[in-house]
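Reading through the structure tokens given below for one structure.
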Amino acid sequence: MAAAASVTGRVTWAPPPMRSPGLGRRLSLPGPRPEAVTALVNPSLSDHGNGLGRGARGRGGSEGSLVADRGGGAAAAAVAVALAPALSAMQRGGSERELAAGREAAAAERGRVDAGAAGEPERTAREEQAKAPASAPAQPRAAEEGDARDLPRPLPALPGSSPQPAPARGLWPHGKPRSKGRSCKRSSGRGLDEFPPLRPVTVDSSKARTSLDALKISIRQLKWKEFPLGRRLPCDIYWHGVSFHDNDIFSGQVNKFPGMTEMVRKITLSRAVRIMQNLFPEEYSFYPRSWILPDEFQLFAAQVRMVKDGDPSWKPTFIVKPDGGCQGDGIYLIKDPSDIRLTGTLQRRPAVVQEYICKPLLIDKLKFDIRLYVLLKSLDPLEIYIAKDGLSRFCTEPYQEPTPKNLHHIFMHLTNYSLNIHSRNFVHSDSTSTGSKRTFSSILCRLSSKGVDIKKVWSDIISLVIKTVIALTPELKVFYQSDIPAGRPGPTCFQILGFDILLMKNLKPILLEVNANPSMRIEHEQELSPGVFEYVPSLVDEEVKVAVIRDTLRLMDPLKKKRENQSQPRENPLAGKEGPSDSGLAIASGGALSPEAHLPSICLKQVFPKYAQQFNYLRLVDRMANLFIRFLGIKGTTKLGPTGFRTFIRNCKLSSSSLSMAAVDILYIDITRRWNSMTLDQRDSGMCLQAFIEAFFYLAQRKFKMLPLHEQVASLIDLCEYHLSLLDEKRLVYGRSGRSGAQEASGASQEASPAAPPAGGQLPPCTGKLSHSKQALS
């Protein structure tokens with residue numbers, strides 16, 4: 001028999017039911033009439049719906065005993081507490097009004113508890129038994145999806161009840177406020193609680209589209225939590241299938257950069273690389289010479305005619321690629337500028353024409369290209385990773401150098417997978433070294449067996465990737481500050497890019513294009529009958545793509561630092577004592593079982609800033625973009641107005657007797673008008689970044705003559721940064737003097753004759769020489 005406090009304050013005796021582990025108090029109703037009621041209270045129970053998951057599993061009890069069971073146990077407990085006044089009234093023979101009030105309170109409590117019934121799975125009985133004898137109260141867990149948004153409310157007071165004489169063992173006395181924080185003092189038997197398990201990383205995959213299957217496998221391998229239909233609460237990572245704007249998010253991480261889709265289009269990429277070719281022609285020779293159609297058609301025809309006149313034996317081949325094309329759509333080969341299809345489509349769909357690589361490296365007499373996956377982890381500071389393996393996609397007809405007779409053989413000249421899969425010669429294979437799609441590592445092994453220096457090939461490819469990203473980042477910064485202005489809340493970004501690279505016969509890598517949304521499908525189409533297709537798993541795709549997505553998530557893990565801190569070895573205060581808690585603490589504190597112990601090594605290799613010293617001299621346009629962003633003036637815009645351009649000239653002291661401000665205005669109008677006529681986006685008026693770069697080149701050539709272009713530009717950038725640093729330091733000194741002057745004035749105002757401030761607010765004389773500020777440009 002056990003003593004229990006009734007709702008009337010009297011101590012009664014009731015048969016001891018079997019205790020349900022993890023519950024604080026039990027509800028006992030022995031006999032036909034309730035002789036004793038003990039409030040069943042779960043310390044973790046609150047208005048949060050997921051708190052119901054902490055109820056224990058009922059294991060039975062004595063006859064006539066009501067014990068809260070799984071799922072509805074906590075709800076029944078709360079209802080029972082609300083029914084306590086009515087039961088007390090029944091025991092005293094109370095009035096009908098008291099009984100009605102008790103029923104209303106029970107209904108209200110049932111509705112309140114059921115409001116957030118969705119939540120996490122329950123804790124196991126073993127976990128609850130471990131926590132039952134603890135002296136500290138259970139800590140309410142963090143809110144999860146489905147939680148009620150109301151704050152926890154205390155359970156209703158029992159009318160007419162006196163203070164409880166003594167709480168049950170291991171419980172807080174009824175009415176005593178619970179501690180808001182976890183107790184600092186811990187018993188020696190709770191070593192495992194020193195390292196509570198971290199919550200899983202949450203991933204919103206509702207916009208993943210074609211990469212969904214590979215993403216699901218990656219999340220499952222990492223043991224993270226996926227939300228395939230989105231989530232009302234913020235997630236840690238958002239995985240978009242197309243662009244940054246697939247979803248409106250204000251926190252967390254998203255796998256797309258704003259403006260990346262526009263930056264890697266054929267025309268924009270060609271213009272960005274052309275700027276770098278003007279500055280560093282040797283370093284950027286990996287990109288074929290390009291012309292933009294229809295704007296540069298006359299220039300293209302004139303240059304081809306001039307070269308042919310100088311060398312009649314030259315018989316070039318050119319490839320025409322639509323600006324917005326993908327998967328080989330609209331690509332064709334020509335031998336002469338007159339073969340370009342000028343009528344109709346070119347006016348509505350601009351294109352790029354490039355020199356065709358006539359001598360590619362062949363394997364099994366077939367032309368192939370390489371799809372490498374590159375992770376742009378951060379824009380500022382710049383962080384680049386390259387996957388250690390990629391895909392090699394083969395043509396399905398033996399290669400021959402282009403002639404007027406075979407120009408239209410797309411299965412011979414174009415390596416696009418989406419085209420060759422429709423060839424009857426396409427070979428699906430589960431082997432990584434055979435078939436029409438293989439791993440890049442298998443190609444390297446084959447080349448290595450023939451004596452090729454694989455390290456040199458990889459070094460050239462890494463250099464190509466870094467130089468290409470350096471060419472893209474300046475305008476990406478402009479797009480980034482437009483969508484996520486500094487000082488406003490917003491997500492951090494990362495992105496997986498697909499680099500299509502062709503190896504020439506001499507093993508020199510050539511950049512074909514960059515894909516902002518590389519295909520992450522891990523299955524392929526197979527034609528069962530004419531016009532009937534089914535999707536069949538592709539082991540080659542799964543091996544490469546799942547590893548890229550999984551290890552990208554590992555690198556972007558927002559809880560990685562906390563997890564590493566948990567796994568760091570700590571001093572064990574229980575050393576020398578034996579017991580089950582010792583081994584558990586050793587595992588937790590020693591980090592013997594890492595959360596990623598079951599995963600292979602990361603397949604992504606950092607190449608920047610690892611090799612930053614070798615490539616930082618190429619980042620001149622990046623420094624120009626910083627100047628451009630500084631003078632934009634209005635947050636959220638991507639074009640520089642005339643006032644901003646004049647302020648740039650004035651603050652950098654670039655005007656002179658030979659370059660008046662009137663000439664500056666004319667320069668702005670001419671360049672801006674020409675660039676606006678070439679761009680399709682006419683929503684904003686002003687000078688775009690590429691127009692600003694052209695104007696900057698013009699100013700550099702005027703100011704620093706008799707120097708190579710890249711030295712002229714570097715000298716002008718140094719000059720601008722120097723003058724702006726002086727201006728920043730003057731403003732800093734002015735701010736400090738203003739504050740000190742205000743303090744002196746407030747002190748002097750208490751005297752009889754206050755001193756007057758400097759007339760006109762002029763700066764006090766500065767005795768120290770102004771040093772060059774290393775502060776980053778704002």
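Following the order of the structure tokens, chains are lettered A, B, ..., residues in each are numbered from 1, and ligands are numbered from 1.
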
So which bits of segment 308-530 of chain A end up alpha helix (DSSP H) when you DSSP the backbone, as JSON, numbers by chain?
{"A": [308, 309, 310, 345, 346, 347, 348, 410, 411, 412, 413, 417, 418, 419, 420, 440, 441, 442, 443, 444, 445, 446, 447, 448, 449, 454, 455, 456, 457, 458, 459, 460, 461, 462, 463, 464, 465, 466, 467, 468, 469, 470, 471, 472, 473, 474, 475, 476, 477, 478, 479, 480, 481, 482, 483]}

As a ChimeraX atom specification, please: the residues near Val514 of chain A (cut-off 12 Å, only C-alpha atoms, same-chain neighbours under 2 positions excluded).
/A:260-270,273,287,326,370-374,464-465,468-469,472,496-501,510-512,516-518

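Compared by their closest atoms to Phe286 of chain A, and using only C-alpha atoms, the residues A:Ser655, A:Ser463, A:Gln481, A:Gln327 rank with A:Ser463 nearest.
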
Which residues are close to Leu709 of chain A, i.e. within 8 Å by only C-alpha atoms, leaving aside same-chain residues fewer than 2 positions away? Reply as number ranges by chain.
A: 278-279, 697, 701, 707, 711-713

How would the residues just picked look written out with C-alpha atoms as a tab-separated table (two decimals), in the first residue's frame?
```tsv
chain	number	residue	atom	x	y	z
A	278	ASN	CA	42.28	41.16	-73.03
A	279	LEU	CA	44.17	41.42	-69.75
A	697	PHE	CA	40.13	50.50	-69.26
A	701	GLN	CA	45.08	53.82	-70.89
A	707	LEU	CA	52.51	49.99	-70.28
A	711	GLU	CA	49.71	46.90	-65.71
A	712	GLN	CA	47.77	50.04	-66.65
A	713	VAL	CA	44.63	48.63	-65.03
```

May I ask which of the residues A:Ala387, A:Ile462, A:Leu640, A:Met520 is the closest one to Arg209 of chain A, counting only C-alpha atoms?
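Checking each candidate against Arg209 of chain A, we get A:Met520 as the closest.
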
Could you please determine the separation between atom CA of Leu604 of chain A and atom CA of Met504 of chain A in Å, to one decimal place?
25.2 Å

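Residue nearest Val201 of chain A, chosen from A:Glu383, A:Asp236, A:Glu397, A:Asp665 and counting only C-alpha atoms: A:Asp236.
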